[in-house]
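The data block below is input.txt; it holds compact mmCIF, C-alpha atoms.
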# COMPACT_ATOMS: atom_id res chain seq x y z
CA MET A 9 0.00 0.00 0.00
CA PRO A 10 1.40 3.46 -0.83
CA ASN A 11 2.36 5.72 2.02
CA VAL A 12 -0.36 8.21 2.79
CA ARG A 13 0.21 11.18 5.04
CA THR A 14 -2.81 12.48 6.87
CA ILE A 15 -3.61 15.65 8.69
CA ASP A 16 -5.08 15.15 12.10
CA ALA A 17 -8.44 16.54 13.00
CA PRO A 18 -8.50 19.35 15.54
CA ARG A 19 -9.19 18.82 19.20
CA SER A 20 -12.69 20.28 18.86
CA ALA A 21 -14.73 19.64 15.71
CA PRO A 22 -17.89 21.58 14.89
CA GLN A 23 -21.02 20.30 16.56
CA ALA A 24 -23.67 18.51 14.54
CA ASP A 25 -26.40 20.63 16.18
CA ALA A 26 -24.90 24.03 15.34
CA SER A 27 -27.42 26.85 15.52
CA THR A 28 -28.68 28.47 12.35
CA ARG A 29 -27.12 31.74 13.55
CA ARG A 30 -23.67 30.11 13.65
CA ILE A 31 -24.18 28.74 10.17
CA TRP A 32 -25.16 32.18 8.87
CA LEU A 33 -22.08 33.68 10.54
CA ALA A 34 -19.92 31.11 8.75
CA ALA A 35 -21.62 32.13 5.48
CA TRP A 36 -20.94 35.86 5.97
CA PRO A 37 -17.46 35.80 4.33
CA VAL A 38 -19.11 34.29 1.24
CA THR A 39 -21.59 37.16 1.15
CA ALA A 40 -18.90 39.81 1.72
CA VAL A 41 -16.63 38.61 -1.10
CA PHE A 42 -19.55 38.26 -3.50
CA VAL A 43 -20.59 41.85 -2.73
CA LEU A 44 -17.24 42.79 -4.26
CA SER A 45 -17.69 40.41 -7.20
CA ASN A 46 -20.43 42.53 -8.77
CA ALA A 47 -19.99 45.92 -7.09
CA ALA A 48 -18.35 47.31 -10.23
CA THR A 49 -21.33 46.50 -12.48
CA PRO A 50 -23.19 49.86 -12.28
CA LEU A 51 -19.89 51.78 -12.33
CA TYR A 52 -18.73 50.63 -15.74
CA VAL A 53 -20.68 53.43 -17.42
CA LEU A 54 -18.52 55.90 -15.49
CA TRP A 55 -15.30 54.20 -16.48
CA GLN A 56 -16.46 53.93 -20.10
CA ARG A 57 -17.13 57.66 -20.10
CA ASP A 58 -13.83 58.60 -18.43
CA ILE A 59 -11.49 56.02 -19.99
CA GLY A 60 -13.33 55.13 -23.22
CA PHE A 61 -13.76 51.50 -24.28
CA SER A 62 -16.19 49.37 -26.30
CA ARG A 63 -18.75 46.76 -25.23
CA GLY A 64 -16.31 44.08 -26.36
CA THR A 65 -13.60 45.49 -24.09
CA LEU A 66 -16.11 45.63 -21.26
CA THR A 67 -16.81 41.91 -21.56
CA VAL A 68 -13.04 41.23 -21.63
CA ILE A 69 -12.66 43.15 -18.36
CA PHE A 70 -15.46 41.02 -16.98
CA ALA A 71 -13.85 37.85 -18.34
CA PHE A 72 -10.59 38.47 -16.46
CA TYR A 73 -12.64 37.93 -13.34
CA ILE A 74 -13.47 34.47 -14.70
CA VAL A 75 -9.77 33.86 -15.51
CA GLY A 76 -8.77 34.66 -11.93
CA LEU A 77 -11.59 32.62 -10.53
CA LEU A 78 -10.81 29.53 -12.61
CA GLY A 79 -7.11 29.73 -11.79
CA SER A 80 -7.96 30.00 -8.12
CA LEU A 81 -10.32 27.04 -8.28
CA LEU A 82 -7.50 24.82 -9.60
CA VAL A 83 -5.67 25.30 -6.30
CA SER A 84 -7.96 26.57 -3.55
CA GLY A 85 -10.22 23.54 -3.18
CA VAL A 86 -7.33 21.12 -2.70
CA LEU A 87 -5.52 23.55 -0.38
CA SER A 88 -8.63 24.00 1.73
CA ASP A 89 -9.23 20.27 2.09
CA ARG A 90 -5.59 19.72 3.13
CA LEU A 91 -4.79 22.79 5.22
CA GLY A 92 -8.17 23.90 6.51
CA ARG A 93 -10.56 26.70 5.62
CA ARG A 94 -8.89 29.64 7.37
CA PRO A 95 -5.50 29.41 5.58
CA VAL A 96 -7.34 29.81 2.27
CA LEU A 97 -10.00 32.34 3.29
CA LEU A 98 -7.76 34.87 5.02
CA PRO A 99 -5.43 35.40 2.00
CA ALA A 100 -8.54 35.60 -0.20
CA LEU A 101 -9.87 38.47 1.90
CA VAL A 102 -6.50 40.25 1.67
CA LEU A 103 -6.60 39.98 -2.14
CA ALA A 104 -10.17 41.28 -2.12
CA LEU A 105 -9.04 44.32 -0.11
CA VAL A 106 -6.23 44.96 -2.61
CA ALA A 107 -8.79 44.73 -5.43
CA CYS A 108 -10.88 47.38 -3.66
CA GLY A 109 -7.88 49.71 -3.65
CA VAL A 110 -7.21 49.18 -7.36
CA PHE A 111 -10.87 49.70 -8.28
CA ALA A 112 -11.03 52.88 -6.18
CA THR A 113 -8.08 54.44 -8.04
CA ALA A 114 -8.55 52.93 -11.54
CA THR A 115 -7.75 55.26 -14.42
CA THR A 116 -6.98 52.72 -17.18
CA VAL A 117 -8.43 49.54 -18.64
CA GLY A 118 -5.35 47.71 -17.35
CA MET A 119 -6.13 48.69 -13.77
CA LEU A 120 -9.71 47.48 -14.16
CA ILE A 121 -8.42 44.18 -15.53
CA VAL A 122 -6.06 43.76 -12.55
CA ALA A 123 -8.85 44.55 -10.10
CA ARG A 124 -11.20 42.06 -11.76
CA LEU A 125 -8.46 39.40 -11.84
CA LEU A 126 -7.78 39.80 -8.10
CA THR A 127 -11.50 39.72 -7.41
CA GLY A 128 -11.81 36.46 -9.34
CA ILE A 129 -8.99 34.86 -7.37
CA ALA A 130 -10.65 35.87 -4.09
CA VAL A 131 -14.03 34.60 -5.23
CA GLY A 132 -12.57 31.26 -6.37
CA ALA A 133 -11.04 30.67 -2.96
CA THR A 134 -14.27 31.67 -1.26
CA VAL A 135 -16.60 29.40 -3.22
CA SER A 136 -14.25 26.50 -2.50
CA ALA A 137 -13.23 27.02 1.12
CA GLY A 138 -15.99 29.36 2.31
CA MET A 139 -18.89 27.21 1.18
CA ALA A 140 -17.20 24.10 2.58
CA ALA A 141 -16.73 25.95 5.89
CA VAL A 142 -20.50 26.48 6.06
CA THR A 143 -20.99 22.71 5.76
CA ASP A 144 -18.30 22.11 8.41
CA VAL A 145 -20.12 24.33 10.88
CA ALA A 146 -23.56 22.91 10.09
CA GLY A 147 -22.42 19.35 10.77
CA PRO A 148 -23.44 16.08 9.12
CA SER A 149 -27.09 16.24 10.17
CA ARG A 150 -27.78 19.63 8.50
CA ARG A 151 -26.04 19.32 5.15
CA ARG A 152 -29.09 20.30 3.11
CA LEU A 153 -29.51 23.45 5.20
CA ALA A 154 -25.81 24.17 4.74
CA ALA A 155 -26.20 23.96 0.96
CA LEU A 156 -29.16 26.36 1.12
CA LEU A 157 -27.43 28.94 3.30
CA ALA A 158 -24.10 28.79 1.45
CA SER A 159 -25.81 29.14 -1.92
CA SER A 160 -28.08 31.93 -0.66
CA ALA A 161 -25.13 33.80 0.85
CA MET A 162 -23.42 33.72 -2.53
CA VAL A 163 -26.30 35.05 -4.60
CA PHE A 164 -27.42 37.55 -1.94
CA GLY A 165 -23.94 39.08 -1.90
CA ALA A 166 -23.81 39.05 -5.69
CA GLY A 167 -27.04 41.07 -5.80
CA LEU A 168 -26.32 43.37 -2.86
CA GLY A 169 -23.03 44.55 -4.40
CA PRO A 170 -24.41 46.28 -7.51
CA PHE A 171 -27.43 47.62 -5.62
CA LEU A 172 -25.29 49.31 -2.96
CA ALA A 173 -22.78 50.49 -5.56
CA GLY A 174 -25.52 52.03 -7.69
CA ALA A 175 -27.13 53.82 -4.74
CA LEU A 176 -23.87 55.05 -3.22
CA SER A 177 -22.41 56.20 -6.53
CA GLU A 178 -25.49 58.30 -7.40
CA GLY A 179 -25.81 59.99 -4.02
CA LEU A 180 -22.24 60.56 -2.83
CA PRO A 181 -19.15 62.33 -4.20
CA ALA A 182 -16.14 60.42 -5.58
CA PRO A 183 -18.40 57.45 -6.40
CA THR A 184 -15.81 54.78 -7.19
CA THR A 185 -13.71 55.64 -4.13
CA THR A 186 -16.74 55.69 -1.84
CA VAL A 187 -18.16 52.38 -3.06
CA PHE A 188 -14.95 50.44 -2.56
CA ALA A 189 -14.15 52.09 0.77
CA VAL A 190 -17.48 50.80 2.07
CA GLU A 191 -16.77 47.36 0.63
CA ALA A 192 -13.38 47.33 2.39
CA VAL A 193 -15.18 47.75 5.71
CA VAL A 194 -17.52 44.88 4.81
CA LEU A 195 -14.54 42.66 4.01
CA ALA A 196 -12.91 43.55 7.34
CA THR A 197 -15.98 42.27 9.19
CA ALA A 198 -15.76 39.07 7.14
CA GLY A 199 -12.20 38.63 8.39
CA LEU A 200 -13.52 38.65 11.96
CA ALA A 201 -16.05 35.96 11.00
CA VAL A 202 -13.30 33.80 9.47
CA MET A 203 -11.30 34.00 12.70
CA ARG A 204 -14.29 32.51 14.54
CA LEU A 205 -14.51 29.48 12.27
CA PRO A 206 -13.66 26.07 13.73
CA ARG A 207 -10.43 24.51 12.54
CA PRO A 208 -11.31 21.06 11.17
CA ARG A 209 -8.59 19.64 8.92
CA PRO A 210 -9.86 16.42 7.33
CA SER A 211 -7.53 13.50 6.70
CA VAL A 212 -6.69 13.48 2.99
CA PRO A 213 -4.06 11.74 0.85
CA ALA A 214 -0.96 13.88 0.31
CA THR A 215 0.27 11.88 -2.69
CA ARG A 216 -1.91 13.65 -5.29
CA SER A 217 -0.94 16.91 -6.99
CA TRP A 218 -1.75 20.14 -5.20
CA VAL A 219 -2.56 21.86 -8.51
CA ARG A 220 -4.98 19.92 -10.69
CA VAL A 221 -8.38 20.07 -12.27
CA PRO A 222 -10.71 19.54 -9.29
CA GLY A 223 -12.97 16.52 -9.29
CA VAL A 224 -15.15 14.32 -7.12
CA PRO A 225 -15.09 10.65 -6.15
CA ARG A 226 -16.09 8.45 -9.07
CA GLU A 227 -19.43 7.49 -7.54
CA SER A 228 -20.41 11.20 -7.39
CA ALA A 229 -19.37 12.09 -10.94
CA MET A 230 -22.87 11.89 -12.41
CA ARG A 231 -24.28 14.06 -9.63
CA LEU A 232 -21.66 16.67 -10.43
CA ALA A 233 -22.44 16.51 -14.15
CA LEU A 234 -26.20 16.87 -13.67
CA GLY A 235 -25.75 19.83 -11.35
CA ILE A 236 -23.46 21.58 -13.83
CA ALA A 237 -25.87 20.88 -16.71
CA VAL A 238 -28.41 23.24 -15.09
CA PHE A 239 -26.13 25.57 -13.12
CA ALA A 240 -23.90 26.47 -16.09
CA PRO A 241 -26.64 27.92 -18.34
CA GLY A 242 -28.15 29.74 -15.34
CA ILE A 243 -24.95 31.47 -14.24
CA THR A 244 -24.07 32.24 -17.88
CA ALA A 245 -27.41 34.05 -18.21
CA THR A 246 -26.73 36.13 -15.09
CA SER A 247 -23.18 36.85 -16.29
CA PHE A 248 -24.59 38.22 -19.54
CA VAL A 249 -26.95 40.53 -17.67
CA LEU A 250 -24.09 41.74 -15.46
CA SER A 251 -21.69 42.40 -18.33
CA LEU A 252 -24.05 43.83 -20.97
CA GLY A 253 -27.19 44.64 -18.96
CA PRO A 254 -26.22 48.31 -18.44
CA SER A 255 -25.72 48.70 -22.21
CA LEU A 256 -29.11 47.12 -22.87
CA LEU A 257 -30.78 49.37 -20.29
CA SER A 258 -29.12 52.41 -21.78
CA GLY A 259 -30.49 51.49 -25.21
CA LEU A 260 -33.98 50.57 -24.00
CA LEU A 261 -34.50 53.34 -21.44
CA GLY A 262 -32.10 55.97 -22.75
CA THR A 263 -30.57 56.33 -19.27
CA ASP A 264 -27.23 55.63 -17.67
CA ASN A 265 -28.68 55.92 -14.14
CA ARG A 266 -26.56 53.66 -11.95
CA ILE A 267 -29.36 52.98 -9.47
CA VAL A 268 -31.42 51.49 -12.32
CA ALA A 269 -28.52 49.32 -13.46
CA GLY A 270 -27.70 48.22 -9.93
CA GLY A 271 -31.37 47.68 -9.16
CA THR A 272 -31.78 45.38 -12.14
CA ALA A 273 -28.86 43.25 -10.94
CA PHE A 274 -30.31 43.28 -7.44
CA VAL A 275 -33.69 42.05 -8.71
CA MET A 276 -31.89 39.24 -10.52
CA PHE A 277 -30.05 38.04 -7.45
CA ALA A 278 -32.97 38.69 -5.11
CA ALA A 279 -34.90 36.26 -7.30
CA ALA A 280 -31.97 33.82 -7.06
CA THR A 281 -32.03 34.09 -3.26
CA GLY A 282 -35.80 34.00 -2.74
CA VAL A 283 -36.43 31.08 -5.07
CA GLN A 284 -34.01 28.90 -3.14
CA PHE A 285 -35.94 29.33 0.10
CA THR A 286 -39.17 28.72 -1.78
CA VAL A 287 -38.10 25.40 -3.35
CA GLN A 288 -35.75 24.09 -0.65
CA ARG A 289 -38.08 21.26 0.42
CA LEU A 290 -38.77 20.03 -3.11
CA PRO A 291 -36.97 16.97 -4.53
CA ARG A 292 -33.60 17.84 -6.07
CA ARG A 293 -34.76 16.62 -9.48
CA THR A 294 -37.73 19.01 -9.39
CA ILE A 295 -35.47 21.91 -8.37
CA LEU A 296 -33.07 21.27 -11.24
CA LEU A 297 -35.84 20.87 -13.81
CA ALA A 298 -37.40 24.14 -12.66
CA GLY A 299 -33.99 25.82 -12.90
CA ALA A 300 -33.56 24.71 -16.51
CA ALA A 301 -37.07 25.93 -17.34
CA ALA A 302 -36.43 29.34 -15.73
CA THR A 303 -33.24 29.88 -17.73
CA THR A 304 -35.02 28.95 -20.96
CA ALA A 305 -37.83 31.40 -20.16
CA SER A 306 -35.24 34.06 -19.34
CA MET A 307 -33.77 33.81 -22.81
CA ALA A 308 -37.24 34.09 -24.38
CA ALA A 309 -37.82 37.26 -22.35
CA LEU A 310 -34.41 38.61 -23.44
CA VAL A 311 -35.33 38.20 -27.11
CA THR A 312 -38.65 39.95 -26.43
CA ALA A 313 -36.80 42.80 -24.69
CA VAL A 314 -34.31 43.52 -27.44
CA HIS A 315 -36.76 43.16 -30.32
CA GLY A 316 -39.63 44.98 -28.61
CA SER A 317 -37.51 47.61 -26.83
CA SER A 318 -39.18 46.51 -23.60
CA ALA A 319 -37.45 47.38 -20.34
CA ALA A 320 -40.08 45.33 -18.46
CA ALA A 321 -39.15 42.24 -20.49
CA LEU A 322 -35.46 42.86 -19.72
CA VAL A 323 -36.16 43.00 -15.98
CA ALA A 324 -38.24 39.83 -16.31
CA SER A 325 -35.35 38.18 -18.13
CA ALA A 326 -32.98 39.18 -15.34
CA ALA A 327 -35.31 37.82 -12.64
CA LEU A 328 -35.78 34.52 -14.49
CA ALA A 329 -32.02 34.25 -15.05
CA GLY A 330 -31.52 34.71 -11.33
CA ALA A 331 -34.09 32.02 -10.58
CA GLY A 332 -32.39 29.67 -13.04
CA GLN A 333 -28.98 30.19 -11.47
CA GLY A 334 -30.37 29.95 -7.94
CA MET A 335 -32.15 26.65 -8.49
CA GLY A 336 -29.28 25.17 -10.50
CA GLN A 337 -26.84 26.20 -7.81
CA LEU A 338 -28.96 24.92 -4.91
CA GLY A 339 -29.74 21.64 -6.64
CA GLY A 340 -26.13 21.04 -7.62
CA LEU A 341 -24.64 21.93 -4.23
CA SER A 342 -27.25 19.83 -2.45
CA LEU A 343 -26.37 16.83 -4.61
CA LEU A 344 -22.68 17.22 -3.76
CA ASN A 345 -23.27 17.83 -0.05
CA SER A 346 -25.34 14.65 0.16
CA ALA A 347 -22.68 12.40 -1.34
CA VAL A 348 -19.15 13.85 -1.20
CA PRO A 349 -17.12 13.22 2.00
CA PRO A 350 -15.92 16.29 3.95
CA CYS A 351 -12.29 15.64 2.98
CA ARG A 352 -13.17 16.27 -0.70
CA LEU A 353 -15.97 18.82 -0.32
CA ALA A 354 -14.03 22.02 -1.07
CA GLU A 355 -12.54 20.34 -4.14
CA ALA A 356 -16.03 19.26 -5.22
CA ASN A 357 -17.28 22.85 -4.82
CA ALA A 358 -14.37 24.00 -6.99
CA ALA A 359 -15.20 21.43 -9.69
CA PHE A 360 -18.87 22.49 -9.68
CA ASN A 361 -18.00 26.17 -10.06
CA ILE A 362 -15.46 25.53 -12.83
CA GLY A 363 -18.20 23.76 -14.75
CA GLY A 364 -20.41 26.81 -14.39
CA TYR A 365 -17.95 29.64 -14.83
CA VAL A 366 -16.20 28.41 -17.99
CA PRO A 367 -19.26 29.03 -20.20
CA ALA A 368 -20.15 32.07 -18.05
CA GLY A 369 -16.82 33.60 -19.10
CA LEU A 370 -16.71 32.56 -22.73
CA LEU A 371 -20.25 33.10 -24.00
CA PRO A 372 -20.84 36.68 -22.77
CA VAL A 373 -17.45 37.77 -24.18
CA THR A 374 -18.40 36.25 -27.53
CA ALA A 375 -21.78 37.98 -27.36
CA GLY A 376 -20.12 41.30 -26.51
CA TYR A 377 -17.80 41.29 -29.52
CA LEU A 378 -20.57 39.95 -31.72
CA SER A 379 -22.76 42.84 -30.59
CA ASP A 380 -20.03 45.31 -31.56
CA ALA A 381 -19.89 43.72 -35.03
CA VAL A 382 -23.55 43.09 -35.87
CA GLY A 383 -25.46 45.17 -33.34
CA LEU A 384 -26.71 44.57 -29.82
CA THR A 385 -30.08 43.18 -30.94
CA THR A 386 -28.64 40.48 -33.20
CA GLY A 387 -25.84 39.62 -30.79
CA ALA A 388 -28.22 39.25 -27.85
CA THR A 389 -30.62 37.17 -29.93
CA LEU A 390 -27.96 34.69 -30.99
CA PHE A 391 -26.67 34.45 -27.43
CA ALA A 392 -30.20 33.77 -26.17
CA ALA A 393 -30.77 31.01 -28.75
CA VAL A 394 -27.55 29.19 -27.84
CA LEU A 395 -28.11 29.45 -24.11
CA ALA A 396 -31.74 28.37 -24.32
CA ALA A 397 -30.64 25.27 -26.22
CA LEU A 398 -28.07 24.47 -23.52
CA ALA A 399 -30.68 24.91 -20.79
CA VAL A 400 -33.09 22.58 -22.56
CA ILE A 401 -30.36 19.96 -22.95
CA GLY A 402 -29.57 20.28 -19.25
CA GLY A 403 -33.20 19.75 -18.36
CA LEU A 404 -33.40 16.66 -20.57
CA LEU A 405 -30.30 15.19 -18.92
CA VAL A 406 -31.80 15.74 -15.47
CA ALA A 407 -35.08 14.19 -16.57
CA ALA A 408 -33.19 11.10 -17.75
CA GLY A 409 -30.97 10.85 -14.66
CA ARG A 410 -33.57 10.17 -11.97
CA ARG A 411 -31.64 7.45 -10.13
CA HIS A 412 -28.64 9.72 -9.59
CA LEU A 413 -30.81 12.41 -8.02
CA GLU A 414 -32.43 10.38 -5.27
CA GLY A 415 -31.23 10.02 -1.71

Could you rewrite the structure in this file as structure tokens?
Amino acid sequence: MPNVRTIDAPRSAPQADASTRRIWLAAWPVTAVFVLSNAATPLYVLWQRDIGFSRGTLTVIFAFYIVGLLGSLLVSGVLSDRLGRRPVLLPALVLALVACGVFATATTVGMLIVARLLTGIAVGATVSAGMAAVTDVAGPSRRRLAALLASSAMVFGAGLGPFLAGALSEGLPAPTTTVFAVEAVVLATAGLAVMRLPRPRPSVPATRSWVRVPGVPRESAMRLALGIAVFAPGITATSFVLSLGPSLLSGLLGTDNRIVAGGTAFVMFAAATGVQFTVQRLPRRTILLAGAAATTASMAALVTAVHGSSAAALVASAALAGAGQGMGQLGGLSLLNSAVPPCRLAEANAAFNIGGYVPAGLLPVTAGYLSDAVGLTTGATLFAAVLAALAVIGGLLVAAGRRHLEG
């Protein structure tokens, strides 16, 4: 038998009957980092005005967030499972604070790219280690609740960021500086929450590479695939709204008001949060099927919005996209939490998010440059058709995979 080095568990592991308040506290760092992830969304119109760049360049700036996130996911899940949650989360919060400083002083496209890259790295570490920490605190008897609260913390933060940024930037001087100064305070409170986390360090083999494409145990592979099949189209839809939504609103409403742009993103992620609490007791298969249907309906509403110049249809598309992501995320995380052992859970979270964020980075960038070439209406229509097809395929796979979704 090969030699296997293990890391001993701590002297005090988290209790199985942890209170819901303690679980929420463990989820706060996830919320805080995801506030940063989308805080720049309503501010891009300011940077476009002051720096000057196209819609295609805007989606590239957004995509560097995905690059940082994916690179982080290749490492952070394995590190978290081997070293513990704190050694991954604390450096992630430091990087997030640095990103705040770069955003606050950005005067070039390059600085925006650096800030988005650092944000992506911080987010990648947080979705791996932070969401696993929530499950650690909840204990083995409350894994489904842990999946709900971790997923809700993520989408709530993602929606709160642009809403706060839009409101603060419209009402206060030096908008970009003010927004990211406030976010720095939020991140500091998250650091205090991380220091209160328990210190479980599961026993894991030390013979495998520290940097690798994350995965799950073989018996959980189909659960991972089915979760990604619904989550990926959902998060790609929300990524499109975040990257090009302000441009669409500007065309449909003739306004660059940042509260409107931030409010649209907030509606999207409020839907993603609320729908998870609404469907939490339904079977996982039902949740995933509903998520695929919501994403498909979102794309139909997007086509209606761009062809009918309907702002109401665009808001409906954003809300449905949020619901699609929320249900795909909850269903997928719940599947993994129910089957993957704690010593592989952060890695499993990383694998799940890689599956979602790869198309979420590629497709909106393609749509952005396509929109520059053929017009926003045609570009958005083609994007909607492709994504709707992917959502339908995901739903069909879930419908055919009943036996992998039970238990």

Margin query: Using only C-alpha atoms, can you tell me which of A:Arg124, A:Arg204, A:Arg152, A:His315 comes closest to Arg30 of chain A?
Written below: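 That would be A:Arg204, the residue with the smallest distance to Arg30 of chain A.
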
Notebook entry, point to check: For Pro37 of chain A, which residue among A:Val142, A:Ile69, A:Val110, A:Ala397 is the nearest when counting only C-alpha atoms?
Noted result: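 Using only C-alpha atoms, Pro37 of chain A sits closest to A:Val142.
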
Next item on the list: Quote the spacing between atom CA of Ser80 of chain A and atom CA of Gly132 of chain A in Å to one decimal place.
Entry: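 Interatomic distance, atom CA of Ser80 of chain A to atom CA of Gly132 of chain A: 5.1 Å.
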
Next item on the list: Go through A:Leu125, A:Leu98, A:Leu310, A:Val194 and flag the residue nearest Phe111 of chain A, using all atoms listed in the file for the distances.
Entry: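 When distances to Phe111 of chain A are compared using all atoms listed in the file, the smallest one comes from A:Leu125.
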
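Distance check against Met230 of chain A using all atoms listed in the file: of A:Ala245, A:Leu344, A:Trp32, A:Val106, the minimum falls on A:Leu344.
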
Might I get the box with edges along x, y and z of the file that holds all atoms of segment 324-341 of chain A listed there, padded by 8 Å on every side, given as centre and edge lengths in Å to one decimal, as AutoDock Vina command-line options?
--center_x -31.4 --center_y 30.4 --center_z -11.2 --size_x 29.6 --size_y 34.8 --size_z 29.9

Next item on the list: Give the answer as one residue: which of A:Val283, A:Phe360, A:Val117, A:Val394 has the shortest atom-to-atom distance to Asp58 of chain A, using all atoms listed in the file?
Entry: A:Val117

Next item on the list: Have a look at atom CA of Pro291 of chain A and atom CA of Leu413 of chain A and let me know their distance in Å, one decimal.
Entry: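 Value for the atom CA of Pro291 of chain A-atom CA of Leu413 of chain A distance: 8.4 Å.
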
Next item on the list: Using all atoms listed in the file, determine which residues lie at most 9 Å from Leu156 of chain A, disregarding the query and same-chain residues fewer than 2 positions distant; provide the list as a count of residues only.
Entry: 14

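Pairwise distance (atom CA of Leu395 of chain A, atom CA of Pro241 of chain A) equals 6.1 Å.
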
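Checking A:Ala140, A:Ala48, A:Leu322, A:Leu200 one by one against Leu176 of chain A, counting all atoms listed in the file, you find the shortest gap at A:Ala48.
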
Note to self: Excluding Gly165 of chain A and its own-chain neighbours fewer than 6 positions away, which residues fall within 6 Å of it when counting all atoms listed in the file? Please give them as a VMD selection string.
What the structure shows: chain A and resid 39 42 to 43

Next item on the list: Show which residues sit within 9 Å of Ile129 of chain A, as a list in words. Count all atoms listed in the file, and ignore same-chain residues fewer than 6 positions away.
Entry: Tyr73, Ile74, Val75, Gly76, Leu77, Leu78, Gly79, Ser80, Leu81, Ala100, Leu103 and Ala104 of chain A

Item checked: Nearby residues, (-15.3, 44.8, -25.3) file frame, 12 Å, all atoms listed in the file, as a PyMOL selection string -> chain A and resi 52+56+60-72+117+121+251-252+255+372-381
